[in-house]
Amino acid sequence: MDRDKKNIAAGGVKRATGGRSYSWRVGPWLSGRIRFTIFMAVLALLCSLTSGSVSDCAASHSGASSQDSIRLVYDQINAGNFPRIVSLVSVLNNAGLVIGKLDENNFIVHEDGVRELPIEVIELPYAKDGINVVLTIDRSSSMTGKPLADAKAAAIKFVDLMQGNDRSAVVSFSKTAWTEVGFTSNKDSLKAAISSLVPFNWTAVYDAVIHSVELITDDLKNRAIILLTDGGDNSSVHSYQEALNACLNNEIRVFCIGLGLQPNSDAENVLKHLATNTGGLYFRSPTSSDLEAIYQAISKLLHHRYQVSYTTHNPAKDGTWRHVKITVMVNTNTSADTARYLAPYEPDPVDPIDDPVDPIDTVVVRPPDPVFEVKPNPFTPNDDGYNDYVEFKNGDEPPMEWSITIMDRSGRLVRQLLPGQNVWDGRDKSGAMMLPGTYLFLVSNKDQLIHRGFIQLIR
């Protein structure tokens with residue numbers, strides 16, 4: 001295993017995560033009671049051989065006790081058809097296997113503490129739009145021999161389990177990261193890329209994560225990274241926080257597999273933190289022989305979800321964050337997880353800045369706020385070196401504890417600036433330059449809206 005691991009601070013932004021429920025079906029690749037029993041035993045053994053705690057196999061998430069025999073994972077929340085709110089959740093048992101055949105009687109939904117009724121629950125045994133997964137595989141020198149051979153076999157098994165609209169890409173990494181093959185549904189191409197991997201050099205885990213994120217475009221739905229490594233980072237150009245922020249900014253879940261890592265070592269804690277904070281899961285693999293079962297479990301996890309829908313009790317288009325808690329109940333066991341969504345904003349018609357204006361020829365100027373500054377406003381992001389970005393400041397200090405949301409006039413999310421980020425360059429989260437116009441910004445402190453205003457982007 002690679003030495004000279006880097007210590008990292010386990011800071012970061014917690015995102016919504018979740019869990020799954022009750023049918024013990026394991027999918028078409030494990031037909032028959034015997035094969036099912038073997039598969040389940042492997043995953044249970046995978047956890048028990050390490051620390052004796054099943055919760056290490058599926059990383060702990062907010063709202064669910066490590067003693068729960070079920071776990072709800074909050075995968076996605078969508079307010080695109082506001083006031084109709086649609087969530088995707090998964091329900092797992094102790095061994096990390098999905099539970100099926102649940103309905104409205106098994107779920108309770110609260111929004112900002114108010115129970116939402118009625119709710120609609122639809123079991124989705126397969127991903128209608130397909131899944132888009134980057135298989136990110138460590139091929140450093142420490143993977144030489146059986147570890148890499150088993151890793152390639154496990155990744156190929158994942159490819160075999162791909163369904164209709166699924167697509168995958170393959171990224172390998174040692175001292176740097178490479179794209180072995182981009183997103184494709186061609187299983188032969190994916191298998192050839194995986195089979196060609198040879199061990200070499202050191203371990204650039206963080207660079208590999210960022211490289212994988214860069215392959216995933218906004219048009220790809222049900223996106224995830226499966227990251228396999230047997231050691232801590234020792235050669236990345238980027239930091240752990242940069243890798244985590246890349247995943248958060250692009251809303252990409254990471255499922256981390258730690259091969260042969262010491263329980264609670266620095267290397268394992270990094271993977272646990274990355275998985276938990278991006279809404280994925282961490283799997284401990286004591287030996288490379290366990291990898292195939294883990295990849296199969298992740299495939300099943302990505303393909304099976306529940307769609308939970310309701311119409312919010314609060315239809316106000318006020319641009320505020322709403323917090324949603326979903327609880328699942330199976331027999332006497334319960335588990336819950338939370339997520340949040342941003343309600344659309346409908347500007348006050350009496351606000352003079354919302355009167356129709358030509359964003360290029362007309363600029364509405366307001367007196368500066370004595371506490372919160374946004375300058376220059378308007379700004380001109382045309383790469384001429386003058387007023388190319390707008391900066392948000394709290395007096396002489398940047399808003400280190402604040403998150404800033406930028407939306408267009410229709411209420412569509414354009415960019416989310418994380419705590420510590422206080423500059424907007426006029427681009428959306430995909431890097432595309434926005435058109436000239438008026439944009440709304442919302443400033444939140446620990447999810448509490450504390451300031452809002454408008455920015456003029458001109459050319």
# chains A, B, ... in the order shown; residues from 1 in each chain; ligands from 1
>>> select_by_dssp(residues="region 375-415 of chain A", states="strand (DSSP E or B)", output="JSON, numbers by chain")
{"A": [375, 379, 390, 391, 392, 393, 394, 397, 402, 403, 404, 405, 406, 407, 413, 414, 415]}
>>> write_last_selection(atoms="N, CA and C atoms", output="JSON list (two decimals), in the first residue's frame")
[["chain", "number", "residue", "atom", "x", "y", "z"],
["A", 375, "LYS", "N", -19.73, 44.54, -5.31],
["A", 375, "LYS", "CA", -19.10, 45.49, -6.21],
["A", 375, "LYS", "C", -18.03, 44.79, -7.07],
["A", 379, "PHE", "N", -21.23, 44.78, -13.44],
["A", 379, "PHE", "CA", -19.89, 44.31, -13.79],
["A", 379, "PHE", "C", -19.89, 43.81, -15.23],
["A", 390, "VAL", "N", -17.73, 40.10, -10.02],
["A", 390, "VAL", "CA", -18.37, 40.82, -8.93],
["A", 390, "VAL", "C", -17.99, 40.14, -7.62],
["A", 391, "GLU", "N", -17.72, 40.95, -6.60],
["A", 391, "GLU", "CA", -17.26, 40.43, -5.32],
["A", 391, "GLU", "C", -18.28, 40.76, -4.23],
["A", 392, "PHE", "N", -18.57, 39.77, -3.39],
["A", 392, "PHE", "CA", -19.48, 39.93, -2.26],
["A", 392, "PHE", "C", -18.64, 40.07, -0.99],
["A", 393, "LYS", "N", -18.87, 41.16, -0.23],
["A", 393, "LYS", "CA", -18.06, 41.38, 0.96],
["A", 393, "LYS", "C", -18.93, 41.83, 2.11],
["A", 394, "ASN", "N", -18.53, 41.40, 3.31],
["A", 394, "ASN", "CA", -19.16, 41.84, 4.55],
["A", 394, "ASN", "C", -18.20, 42.81, 5.21],
["A", 397, "GLU", "N", -14.26, 42.07, 5.23],
["A", 397, "GLU", "CA", -14.01, 40.64, 5.22],
["A", 397, "GLU", "C", -14.96, 39.93, 4.27],
["A", 402, "TRP", "N", -20.95, 32.29, 4.82],
["A", 402, "TRP", "CA", -22.18, 32.45, 4.07],
["A", 402, "TRP", "C", -22.13, 31.67, 2.76],
["A", 403, "SER", "N", -23.28, 31.20, 2.32],
["A", 403, "SER", "CA", -23.39, 30.64, 0.98],
["A", 403, "SER", "C", -24.22, 31.60, 0.15],
["A", 404, "ILE", "N", -23.87, 31.75, -1.12],
["A", 404, "ILE", "CA", -24.51, 32.73, -1.99],
["A", 404, "ILE", "C", -25.10, 32.01, -3.19],
["A", 405, "THR", "N", -26.38, 32.24, -3.43],
["A", 405, "THR", "CA", -27.10, 31.63, -4.54],
["A", 405, "THR", "C", -27.41, 32.71, -5.57],
["A", 406, "ILE", "N", -27.12, 32.40, -6.83],
["A", 406, "ILE", "CA", -27.39, 33.35, -7.91],
["A", 406, "ILE", "C", -28.41, 32.73, -8.85],
["A", 407, "MET", "N", -29.48, 33.47, -9.14],
["A", 407, "MET", "CA", -30.55, 32.98, -10.00],
["A", 407, "MET", "C", -30.85, 34.02, -11.08],
["A", 413, "LEU", "N", -31.81, 28.42, -11.00],
["A", 413, "LEU", "CA", -30.51, 28.45, -10.36],
["A", 413, "LEU", "C", -29.41, 28.59, -11.40],
["A", 414, "VAL", "N", -28.55, 29.56, -11.22],
["A", 414, "VAL", "CA", -27.43, 29.79, -12.13],
["A", 414, "VAL", "C", -26.12, 29.31, -11.52],
["A", 415, "ARG", "N", -25.88, 29.68, -10.27],
["A", 415, "ARG", "CA", -24.60, 29.34, -9.63],
["A", 415, "ARG", "C", -24.79, 29.32, -8.12]]
>>> atom_distance(atom1="CA of Thr179 (chain A)", atom2="CA of Leu215 (chain A)")
8.6 Å
>>> select_by_dssp(residues="region 211-274 of chain A", states="helix (DSSP H, G or I)", output="list of chain:residue names")
A:His211, A:Ser212, A:Val213, A:Glu214, A:Leu215, A:Tyr240, A:Gln241, A:Glu242, A:Ala243, A:Leu244, A:Asn245, A:Ala246, A:Cys247, A:Leu248, A:Asn249, A:Asp266, A:Ala267, A:Glu268, A:Asn269, A:Val270, A:Leu271, A:Lys272, A:His273, A:Leu274
>>> atom_distance(atom1="CA of Leu248 (chain A)", atom2="CA of Leu342 (chain A)")
15.8 Å
>>> residues_around(residues="Gly453 (chain A)", least_positions_apart="3", cutoff="8 Å", atoms="only C-alpha atoms", output="number ranges by chain")
A: 440-442
>>> write_last_selection(atoms="C-alpha atoms", output="mmCIF file, in the first residue's frame")
data_model
loop_
_atom_site.group_PDB
_atom_site.id
_atom_site.type_symbol
_atom_site.label_atom_id
_atom_site.label_comp_id
_atom_site.auth_asym_id
_atom_site.auth_seq_id
_atom_site.Cartn_x
_atom_site.Cartn_y
_atom_site.Cartn_z
ATOM 1 C CA LEU A 440 -30.899 37.840 -8.177
ATOM 2 C CA PHE A 441 -28.509 36.874 -5.393
ATOM 3 C CA LEU A 442 -29.523 35.329 -2.053
#
